[in-house]
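Here is structure13.cif, consisting of mmCIF, C-alpha atoms:
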```cif
data_query
#
loop_
_atom_site.label_atom_id
_atom_site.label_comp_id
_atom_site.auth_asym_id
_atom_site.auth_seq_id
_atom_site.Cartn_x
_atom_site.Cartn_y
_atom_site.Cartn_z
CA MET A 300 0.00 0.00 0.00
CA ALA A 301 1.21 3.50 -0.87
CA ARG A 302 1.45 6.12 1.86
CA ILE A 303 -1.23 8.07 0.01
CA SER A 304 -4.11 6.92 -2.16
CA TYR A 305 -3.35 7.55 -5.79
CA ASP A 306 -6.97 8.05 -6.80
CA ASP A 307 -8.09 9.91 -9.90
CA GLN A 308 -7.79 13.36 -8.30
CA THR A 309 -4.28 12.65 -7.00
CA ALA A 310 -3.18 11.12 -10.30
CA THR A 311 -4.42 14.18 -12.18
CA ALA A 312 -2.50 16.46 -9.83
CA TYR A 313 0.62 14.29 -10.11
CA LYS A 314 0.52 14.36 -13.91
CA ALA A 315 0.07 18.13 -13.89
CA VAL A 316 2.93 19.14 -11.58
CA ARG A 317 5.18 16.27 -10.50
CA GLU A 318 6.68 15.09 -13.78
CA VAL A 319 10.14 16.65 -14.17
CA PRO A 320 10.55 18.43 -17.53
CA ARG A 321 12.64 16.24 -19.80
CA ASP A 322 15.07 19.06 -20.57
CA GLY A 323 15.81 19.25 -16.84
CA LEU A 324 17.00 15.64 -16.72
CA ASP A 325 20.20 15.80 -18.76
CA ALA A 326 22.39 14.68 -15.85
CA TRP A 327 20.07 11.75 -15.17
CA ARG A 328 20.01 10.65 -18.80
CA GLU A 329 23.78 10.49 -19.00
CA ALA A 330 24.23 8.81 -15.60
CA VAL A 331 21.64 6.16 -16.42
CA ARG A 332 23.31 5.60 -19.80
CA ARG A 333 26.67 4.92 -18.09
CA HIS A 334 25.28 2.42 -15.61
CA LEU A 335 22.64 0.78 -17.80
CA GLU A 336 24.70 0.48 -21.00
CA PRO A 337 21.51 0.27 -23.08
CA ALA A 338 21.37 -1.92 -26.15
CA PRO A 339 18.68 -2.86 -28.69
CA GLY A 340 16.31 -5.52 -27.40
CA MET A 341 16.94 -4.69 -23.73
CA THR A 342 13.93 -4.77 -21.39
CA VAL A 343 13.72 -2.39 -18.42
CA VAL A 344 11.01 -2.88 -15.80
CA ASP A 345 9.83 0.46 -14.39
CA ILE A 346 8.50 -0.49 -10.95
CA GLY A 347 6.00 1.94 -9.47
CA ALA A 348 5.88 3.67 -12.83
CA GLY A 349 3.33 6.28 -11.79
CA THR A 350 2.15 8.25 -14.81
CA GLY A 351 4.89 6.75 -16.96
CA ALA A 352 7.17 9.74 -17.50
CA PHE A 353 10.37 7.73 -17.06
CA SER A 354 8.95 4.83 -19.05
CA ALA A 355 8.61 7.23 -21.98
CA HIS A 356 12.00 8.81 -21.31
CA PHE A 357 13.80 5.45 -21.33
CA GLY A 358 12.20 4.47 -24.61
CA ASP A 359 13.05 7.78 -26.28
CA TRP A 360 16.53 8.14 -24.77
CA PHE A 361 17.80 4.61 -25.18
CA GLY A 362 15.48 2.74 -27.54
CA VAL A 363 14.83 0.01 -24.97
CA ASP A 364 11.57 -1.81 -24.28
CA VAL A 365 9.90 -0.84 -21.01
CA VAL A 366 7.49 -2.78 -18.82
CA ALA A 367 5.67 -0.23 -16.66
CA VAL A 368 4.39 -1.86 -13.47
CA GLU A 369 2.02 0.28 -11.38
CA PRO A 370 -0.57 -0.64 -8.70
CA SER A 371 -2.87 2.39 -9.08
CA ALA A 372 -5.44 2.15 -11.87
CA SER A 373 -5.68 5.94 -12.01
CA MET A 374 -1.92 6.31 -12.45
CA ARG A 375 -1.75 3.43 -14.96
CA SER A 376 -4.41 5.06 -17.10
CA ARG A 377 -2.08 8.02 -17.66
CA ILE A 378 0.94 5.99 -18.80
CA PRO A 379 1.54 6.52 -22.55
CA ARG A 380 0.26 3.64 -24.66
CA ARG A 381 2.69 3.28 -27.53
CA PRO A 382 5.08 0.74 -29.06
CA GLY A 383 7.88 -0.17 -26.69
CA ILE A 384 5.88 0.38 -23.47
CA ARG A 385 3.88 -2.46 -21.92
CA VAL A 386 1.69 -1.48 -18.96
CA LEU A 387 0.91 -4.03 -16.23
CA GLU A 388 -0.86 -3.96 -12.89
CA GLY A 389 1.46 -4.89 -10.04
CA ASP A 390 3.76 -3.57 -7.36
CA ALA A 391 7.31 -4.07 -6.10
CA ALA A 392 6.38 -7.21 -4.19
CA HIS A 393 4.22 -8.63 -7.00
CA ILE A 394 5.83 -8.08 -10.40
CA PRO A 395 3.87 -9.91 -13.13
CA LEU A 396 6.94 -11.07 -15.07
CA PRO A 397 8.72 -14.43 -15.37
CA ASP A 398 11.97 -15.19 -13.60
CA ASP A 399 15.14 -13.80 -15.21
CA SER A 400 13.20 -11.79 -17.80
CA ALA A 401 14.38 -8.17 -17.33
CA ASP A 402 17.72 -6.53 -18.09
CA ALA A 403 17.32 -3.77 -15.49
CA ALA A 404 14.90 -2.40 -12.90
CA TRP A 405 14.14 1.29 -12.45
CA MET A 406 12.55 2.53 -9.18
CA SER A 407 11.89 6.27 -9.01
CA LEU A 408 10.74 7.97 -5.78
CA MET A 409 8.76 4.96 -4.69
CA ILE A 410 10.65 2.84 -2.14
CA HIS A 411 9.06 4.82 0.72
CA HIS A 412 5.71 3.36 -0.39
CA ILE A 413 6.91 -0.24 0.00
CA PRO A 414 5.77 -1.83 3.30
CA ASP A 415 8.29 -4.73 3.18
CA LEU A 416 11.47 -3.66 1.41
CA GLU A 417 13.19 -7.03 1.85
CA ALA A 418 10.28 -8.87 0.22
CA ALA A 419 10.29 -6.35 -2.63
CA ALA A 420 14.04 -6.75 -3.09
CA ARG A 421 13.62 -10.53 -3.41
CA GLU A 422 10.90 -10.04 -6.02
CA VAL A 423 13.00 -7.54 -7.98
CA ARG A 424 15.92 -9.97 -7.92
CA ARG A 425 13.65 -12.77 -9.17
CA VAL A 426 12.69 -10.97 -12.39
CA LEU A 427 16.21 -9.73 -13.20
CA ARG A 428 18.69 -11.61 -15.30
CA PRO A 429 22.02 -12.38 -13.55
CA GLY A 430 24.17 -9.26 -13.30
CA ALA A 431 21.34 -6.89 -14.24
CA PRO A 432 21.30 -3.58 -12.33
CA VAL A 433 18.70 -1.98 -10.11
CA LEU A 434 18.65 1.80 -10.51
CA ILE A 435 16.93 3.73 -7.71
CA ARG A 436 16.16 7.47 -7.86
CA GLN A 437 15.47 8.54 -4.30
CA ALA A 438 16.21 10.87 -1.37
CA TYR A 439 17.40 9.28 1.87
CA PRO A 440 17.04 10.76 5.37
CA ASP A 441 20.57 9.66 6.35
CA ARG A 442 22.13 11.61 3.48
CA PRO A 443 23.19 15.20 4.38
CA ASP A 444 20.78 18.02 3.51
CA ARG A 445 18.50 15.73 1.54
CA GLU A 446 15.44 17.47 2.99
CA ARG A 447 16.75 20.99 2.37
CA THR A 448 16.35 20.96 -1.39
CA PHE A 449 14.08 22.82 -3.77
CA PRO A 450 11.13 23.10 -3.48
CA TRP A 451 10.83 21.52 -0.04
CA GLU A 452 13.14 24.14 1.49
CA PHE A 453 10.08 26.36 1.79
CA PHE A 454 8.27 23.68 3.79
CA PRO A 455 10.84 22.40 6.32
CA GLU A 456 8.12 20.57 8.24
CA THR A 457 8.03 18.00 5.43
CA ALA A 458 11.12 16.52 7.12
CA ARG A 459 8.70 15.07 9.66
CA THR A 460 7.52 12.69 6.95
CA THR A 461 10.66 12.27 4.86
CA GLY A 462 12.54 11.37 8.03
CA THR A 463 10.51 8.16 8.12
CA PHE A 464 11.54 7.11 4.60
CA PRO A 465 13.99 4.19 4.21
CA THR A 466 17.58 5.22 4.83
CA LEU A 467 20.35 4.48 2.37
CA GLU A 468 21.77 1.98 4.86
CA ALA A 469 18.43 0.19 5.28
CA THR A 470 17.84 0.14 1.53
CA CYS A 471 21.24 -1.38 0.80
CA ARG A 472 20.77 -3.91 3.60
CA ALA A 473 17.39 -5.04 2.26
CA PHE A 474 18.72 -5.55 -1.26
CA ALA A 475 21.92 -7.19 -0.02
CA ALA A 476 19.77 -9.82 1.70
CA ALA A 477 18.36 -10.60 -1.75
CA GLY A 478 21.83 -10.80 -3.31
CA LEU A 479 21.97 -7.31 -4.82
CA HIS A 480 24.78 -5.10 -3.56
CA ARG A 481 25.64 -1.42 -3.83
CA ASP A 482 27.69 -0.75 -6.93
CA ALA A 483 27.55 3.06 -7.14
CA LEU A 484 25.90 6.13 -5.63
CA GLU A 485 25.67 9.47 -7.42
CA PRO A 486 23.91 12.66 -6.31
CA LEU A 487 22.41 14.22 -9.43
CA PRO A 488 20.63 17.51 -10.15
CA GLU A 489 17.38 17.96 -11.97
CA VAL A 490 16.14 21.36 -13.11
CA LEU A 491 12.56 21.71 -11.95
CA MET A 492 10.97 25.16 -12.07
CA SER A 493 11.30 28.67 -10.71
CA PRO A 494 9.88 29.73 -7.33
CA ALA A 495 7.28 31.74 -9.22
CA GLN A 496 6.17 28.66 -11.13
CA PHE A 497 6.10 26.65 -7.92
CA LEU A 498 3.95 29.30 -6.22
CA ASP A 499 1.45 29.05 -9.08
CA ARG A 500 1.28 25.26 -8.67
CA VAL A 501 1.79 24.79 -4.94
CA ASP A 502 -1.82 23.90 -4.11
CA VAL A 503 -1.88 21.18 -6.76
CA PHE A 504 1.60 20.07 -5.69
CA ARG A 505 0.35 19.59 -2.14
CA ARG A 506 -2.33 17.16 -3.32
CA SER A 507 0.19 14.95 -5.09
CA ASP A 508 3.23 14.94 -2.78
CA THR A 509 3.46 12.48 0.12
CA SER A 510 5.33 14.76 2.49
CA MET A 511 3.35 17.93 1.71
CA ARG A 512 0.02 16.21 2.26
CA ASP A 513 1.01 15.69 5.89
CA LEU A 514 1.47 19.42 6.52
CA THR A 515 -1.05 21.21 8.68
CA ASP A 516 -2.87 24.13 7.08
CA ALA A 517 -0.86 26.53 9.25
CA GLU A 518 2.45 24.95 8.17
CA PHE A 519 1.40 25.10 4.55
CA GLU A 520 0.50 28.79 4.80
CA GLN A 521 3.81 29.58 6.50
CA GLY A 522 5.59 27.86 3.63
CA ARG A 523 3.58 29.85 1.11
CA VAL A 524 4.77 33.05 2.83
CA ARG A 525 8.41 31.91 2.52
CA LEU A 526 7.80 31.07 -1.11
CA ARG A 527 6.31 34.51 -1.86
CA ARG A 528 9.40 36.15 -0.36
CA ALA A 529 11.62 34.03 -2.62
CA VAL A 530 9.56 35.04 -5.64
CA GLU A 531 10.10 38.71 -4.77
CA GLU A 532 13.87 38.17 -4.58
CA SER A 533 14.64 35.95 -7.58
CA GLY A 534 11.42 34.24 -8.43
CA HIS A 535 11.83 33.61 -12.15
CA THR A 536 15.14 31.75 -12.18
CA PRO A 537 14.74 27.95 -12.57
CA ARG A 538 15.95 26.00 -9.55
CA SER A 539 17.42 22.51 -9.24
CA ASN A 540 16.70 19.68 -6.87
CA TRP A 541 19.22 16.94 -5.99
CA LEU A 542 18.41 13.27 -5.59
CA ASP A 543 20.57 10.15 -5.37
CA LEU A 544 20.98 7.52 -8.05
CA LEU A 545 21.74 4.24 -6.30
CA ILE A 546 22.99 1.32 -8.41
CA LEU A 547 22.75 -2.24 -7.10
CA ARG A 548 23.92 -5.41 -8.83
#
```
Entire entry expressed as structure tokens:
Amino acid sequence: MARISYDDQTATAYKAVREVPRDGLDAWREAVRRHLEPAPGMTVVDIGAGTGAFSAHFGDWFGVDVVAVEPSASMRSRIPRRPGIRVLEGDAAHIPLPDDSADAAWMSLMIHHIPDLEAAAREVRRVLRPGAPVLIRQAYPDRPDRERTFPWEFFPETARTTGTFPTLEATCRAFAAAGLHRDALEPLPEVLMSPAQFLDRVDVFRRSDTSMRDLTDAEFEQGRVRLRRAVEESGHTPRSNWLDLLILR
């Protein structure tokens, strides 16, 4: 079960504001290329695919086939239907693929929704061919300043929720128990939006973000005040957020 219910309203909000613009993902494209070493005929399973942004990116960037696995019907309905993307109902602990059938697994901002990370790691390992990588895009509470990044810097109380997310240590331990070990860790930037753009979208953003949904109304309004001040100072310059790319093999 996810920490929030990805119903139709939440999925609509997510699609509207949470997908990172593709031109802001240059660093991610090149890092994934180095670790994935994509080749024709390769199959990548996108676990917890959401609205399918990265499923589409992987197909366009690398020409690989993607199996998008997503538990929410509302999110699945928004994944692009096109050649090279197969959409399946499932989750990290129940991946509807045969053993040894995928060349890589991609998990983007979703491990905090997994109730049993060790069970999920075993299932991910089951569907991967020997030596295939797991690529995880995530923020970890035991990594320095992970919670002080744009746009959450305006809402520091979100650390109350993000502090409960799996740590890097716990994540590596869970996958190591399944035979997948840390191979690399890279902090990478992604260019999101300007403070002014975020202010325009912040109400919709709140509906789609796990940590922001836990804010009280007073905390949210205080954050909006901080955001307005930032807009007055340099509100139209695009800002970057940093997340970690963890590679396990």
Among the residues A:Thr461, A:Thr342, A:Thr311, A:Ser533, the one that comes closest to Arg442 of chain A [using only C-alpha atoms]: A:Thr461
d(atom CA of Glu532 of chain A, atom CA of Val316 of chain A) in Å: 23.0 Å
Neighbours of Ser376 of chain A within 12 Å (only C-alpha atoms; same-chain residues fewer than 3 positions away dropped), as a PyMOL selection string? chain A and resi 305-307+310-311+314+348-351+367-373+379-380+386-388
In terms of the shortest atom-to-atom distance over all atoms listed in the file, which of A:Leu324, A:Ile394, A:Val363, A:Leu479 is closest to Pro339 of chain A? A:Val363
Considering only C-alpha atoms, state which residue in the set A:Arg459, A:His356, A:Arg424, A:Arg385 is at the smallest distance from Leu514 of chain A.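 Once distances to Leu514 of chain A are computed over only C-alpha atoms, the minimum belongs to A:Arg459.
Closest to Ala458 of chain A among A:Glu422, A:Asp513, A:Asp482, A:Asp325 is A:Asp513, based on all atoms listed in the file.
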What does the distance from atom CA of Asn540 of chain A to atom CA of Pro488 of chain A come to in Å, to one decimal? 5.6 Å
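Counting only C-alpha atoms, the residue from A:Met511, A:Ala312, A:Asp399, A:His393 that sits nearest to Pro455 of chain A is A:Met511.
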Which residue of A:Ala404, A:Leu526, A:Leu542, A:Ala420 approaches Pro440 of chain A most closely, using all atoms listed in the file: A:Leu542
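Those residues returned by the PyMOL selection byres ((chain A and resi 425) around 10) for this file are A:Ile394, A:Leu396, A:Pro397, A:Asp398, A:Asp399, A:Ser400, A:Ala401, A:Ala419, A:Ala420, A:Arg421, A:Glu422, A:Val423, A:Arg424, A:Val426, A:Leu427, A:Arg428, A:Pro429, A:Ala477.
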Those same residues, written as a CSV table (one decimal), keeping the file's coordinate frame with C-alpha atoms?
```csv
chain,number,residue,atom,x,y,z
A,394,ILE,CA,5.8,-8.1,-10.4
A,396,LEU,CA,6.9,-11.1,-15.1
A,397,PRO,CA,8.7,-14.4,-15.4
A,398,ASP,CA,12.0,-15.2,-13.6
A,399,ASP,CA,15.1,-13.8,-15.2
A,400,SER,CA,13.2,-11.8,-17.8
A,401,ALA,CA,14.4,-8.2,-17.3
A,419,ALA,CA,10.3,-6.4,-2.6
A,420,ALA,CA,14.0,-6.8,-3.1
A,421,ARG,CA,13.6,-10.5,-3.4
A,422,GLU,CA,10.9,-10.0,-6.0
A,423,VAL,CA,13.0,-7.5,-8.0
A,424,ARG,CA,15.9,-10.0,-7.9
A,426,VAL,CA,12.7,-11.0,-12.4
A,427,LEU,CA,16.2,-9.7,-13.2
A,428,ARG,CA,18.7,-11.6,-15.3
A,429,PRO,CA,22.0,-12.4,-13.6
A,477,ALA,CA,18.4,-10.6,-1.8
```
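We find atom CA of Gly522 of chain A and atom CA of Thr509 of chain A to be spaced 15.9 Å apart.
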Name all residues at most 12 Å from Phe519 of chain A (count all atoms listed in the file; drop same-chain ones fewer than 2 positions away) and give them as a list in words. Trp451, Phe453, Phe454, Pro455, Glu456, Thr457, Leu498, Val501, Asp502, Phe504, Arg505, Arg506, Ser510, Met511, Arg512, Asp513, Leu514, Thr515, Asp516, Ala517, Gln521, Gly522, Arg523, Val524, Arg525 and Leu526 of chain A
Please determine an axis-aligned box that encloses all atoms of segment 486-492 of chain A listed in the file, with 4 Å added on each side, and express its centre and edge lengths in Å to one decimal as lines of an AutoDock Vina configuration file.
```
center_x = 17.4
center_y = 18.9
center_z = -9.7
size_x = 20.9
size_y = 20.5
size_z = 14.8
```
For this structure, which residues satisfy the selection - the PyMOL selection byres ((chain A and resi 473) around 12) - when it is evaluated on the file as given? I want them as a list of chain:residue names. A:Ile410, A:Ile413, A:Asp415, A:Leu416, A:Glu417, A:Ala418, A:Ala419, A:Ala420, A:Arg421, A:Glu422, A:Val423, A:Arg424, A:Pro465, A:Thr466, A:Leu467, A:Glu468, A:Ala469, A:Thr470, A:Cys471, A:Arg472, A:Phe474, A:Ala475, A:Ala476, A:Ala477, A:Gly478, A:Leu479, A:His480, A:Arg481, A:Leu547
Spell out the residues picked by the PyMOL selection byres ((chain A and resi 364) around 8) here, as a short mmCIF file (atom, residue, chain, number, x, y, z; two decimals) with C-alpha atoms, keeping the file's coordinate frame.
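Heads up, here's the output in selection_0.cif:
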```cif
data_model
loop_
_atom_site.label_atom_id
_atom_site.label_comp_id
_atom_site.auth_asym_id
_atom_site.auth_seq_id
_atom_site.Cartn_x
_atom_site.Cartn_y
_atom_site.Cartn_z
CA GLY A 340 16.31 -5.52 -27.40
CA MET A 341 16.94 -4.69 -23.73
CA THR A 342 13.93 -4.77 -21.39
CA VAL A 343 13.72 -2.39 -18.42
CA GLY A 358 12.20 4.47 -24.61
CA GLY A 362 15.48 2.74 -27.54
CA VAL A 363 14.83 0.01 -24.97
CA VAL A 365 9.90 -0.84 -21.01
CA VAL A 366 7.49 -2.78 -18.82
CA GLY A 383 7.88 -0.17 -26.69
CA ILE A 384 5.88 0.38 -23.47
#
```
Test item: residues at most 12 Å from Asp359 of chain A, all atoms listed in the file, excluding those fewer than 6 positions along its chain, as a ChimeraX atom specification: /A:321,328,337,352-353,365,381-384
Can you complete the atoms of segment 488-519 of chain A to N, CA and C atoms and list them as a compact mmCIF listing (two decimals), keeping the file's coordinate frame?
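In the end it all went to part38.txt:
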```txt
# COMPACT_ATOMS: atom_id res chain seq x y z
N PRO A 488 21.60 16.41 -10.13
CA PRO A 488 20.63 17.51 -10.15
C PRO A 488 19.57 17.30 -11.21
N GLU A 489 18.42 17.89 -10.96
CA GLU A 489 17.38 17.96 -11.97
C GLU A 489 16.76 19.35 -11.91
N VAL A 490 16.66 20.00 -13.04
CA VAL A 490 16.14 21.36 -13.11
C VAL A 490 14.62 21.28 -13.13
N LEU A 491 14.00 21.86 -12.11
CA LEU A 491 12.56 21.71 -11.95
C LEU A 491 11.78 22.90 -12.49
N MET A 492 11.80 24.00 -11.75
CA MET A 492 10.97 25.16 -12.07
C MET A 492 11.49 26.34 -11.26
N SER A 493 10.95 27.50 -11.50
CA SER A 493 11.30 28.67 -10.71
C SER A 493 10.39 28.75 -9.49
N PRO A 494 10.79 29.51 -8.46
CA PRO A 494 9.88 29.73 -7.33
C PRO A 494 8.54 30.30 -7.76
N ALA A 495 8.55 31.18 -8.76
CA ALA A 495 7.28 31.74 -9.22
C ALA A 495 6.38 30.66 -9.80
N GLN A 496 6.96 29.76 -10.57
CA GLN A 496 6.17 28.66 -11.13
C GLN A 496 5.66 27.74 -10.02
N PHE A 497 6.52 27.51 -9.02
CA PHE A 497 6.10 26.65 -7.92
C PHE A 497 4.96 27.29 -7.14
N LEU A 498 5.03 28.61 -6.93
CA LEU A 498 3.95 29.30 -6.22
C LEU A 498 2.63 29.14 -6.97
N ASP A 499 2.67 29.21 -8.29
CA ASP A 499 1.45 29.05 -9.08
C ASP A 499 0.86 27.64 -8.95
N ARG A 500 1.72 26.65 -8.66
CA ARG A 500 1.28 25.26 -8.67
C ARG A 500 1.22 24.63 -7.28
N VAL A 501 1.53 25.40 -6.24
CA VAL A 501 1.79 24.79 -4.94
C VAL A 501 0.57 24.08 -4.36
N ASP A 502 -0.63 24.58 -4.64
CA ASP A 502 -1.82 23.90 -4.11
C ASP A 502 -2.00 22.54 -4.76
N VAL A 503 -1.77 22.46 -6.06
CA VAL A 503 -1.88 21.18 -6.76
C VAL A 503 -0.75 20.26 -6.31
N PHE A 504 0.45 20.84 -6.14
CA PHE A 504 1.60 20.07 -5.69
C PHE A 504 1.29 19.40 -4.35
N ARG A 505 0.65 20.14 -3.46
CA ARG A 505 0.35 19.59 -2.14
C ARG A 505 -0.52 18.34 -2.24
N ARG A 506 -1.43 18.31 -3.19
CA ARG A 506 -2.33 17.16 -3.32
C ARG A 506 -1.62 15.91 -3.81
N SER A 507 -0.46 16.09 -4.45
CA SER A 507 0.19 14.95 -5.09
C SER A 507 1.48 14.50 -4.42
N ASP A 508 1.95 15.24 -3.40
CA ASP A 508 3.23 14.94 -2.78
C ASP A 508 3.02 14.34 -1.39
N THR A 509 3.65 13.20 -1.14
CA THR A 509 3.46 12.48 0.12
C THR A 509 3.77 13.34 1.33
N SER A 510 4.92 14.01 1.31
CA SER A 510 5.33 14.76 2.49
C SER A 510 4.52 16.04 2.68
N MET A 511 4.11 16.69 1.60
CA MET A 511 3.35 17.93 1.71
C MET A 511 1.91 17.68 2.15
N ARG A 512 1.39 16.51 1.84
CA ARG A 512 0.02 16.21 2.26
C ARG A 512 -0.09 16.09 3.77
N ASP A 513 1.03 15.83 4.44
CA ASP A 513 1.01 15.69 5.89
C ASP A 513 1.16 17.02 6.62
N LEU A 514 1.37 18.11 5.88
CA LEU A 514 1.47 19.42 6.52
C LEU A 514 0.13 19.87 7.07
N THR A 515 0.17 20.56 8.20
CA THR A 515 -1.05 21.21 8.68
C THR A 515 -1.33 22.42 7.79
N ASP A 516 -2.55 22.94 7.87
CA ASP A 516 -2.87 24.13 7.08
C ASP A 516 -1.99 25.30 7.48
N ALA A 517 -1.71 25.43 8.79
CA ALA A 517 -0.86 26.53 9.25
C ALA A 517 0.56 26.38 8.70
N GLU A 518 1.10 25.17 8.71
CA GLU A 518 2.45 24.95 8.17
C GLU A 518 2.49 25.24 6.68
N PHE A 519 1.45 24.85 5.98
CA PHE A 519 1.40 25.10 4.55
C PHE A 519 1.36 26.60 4.26
```
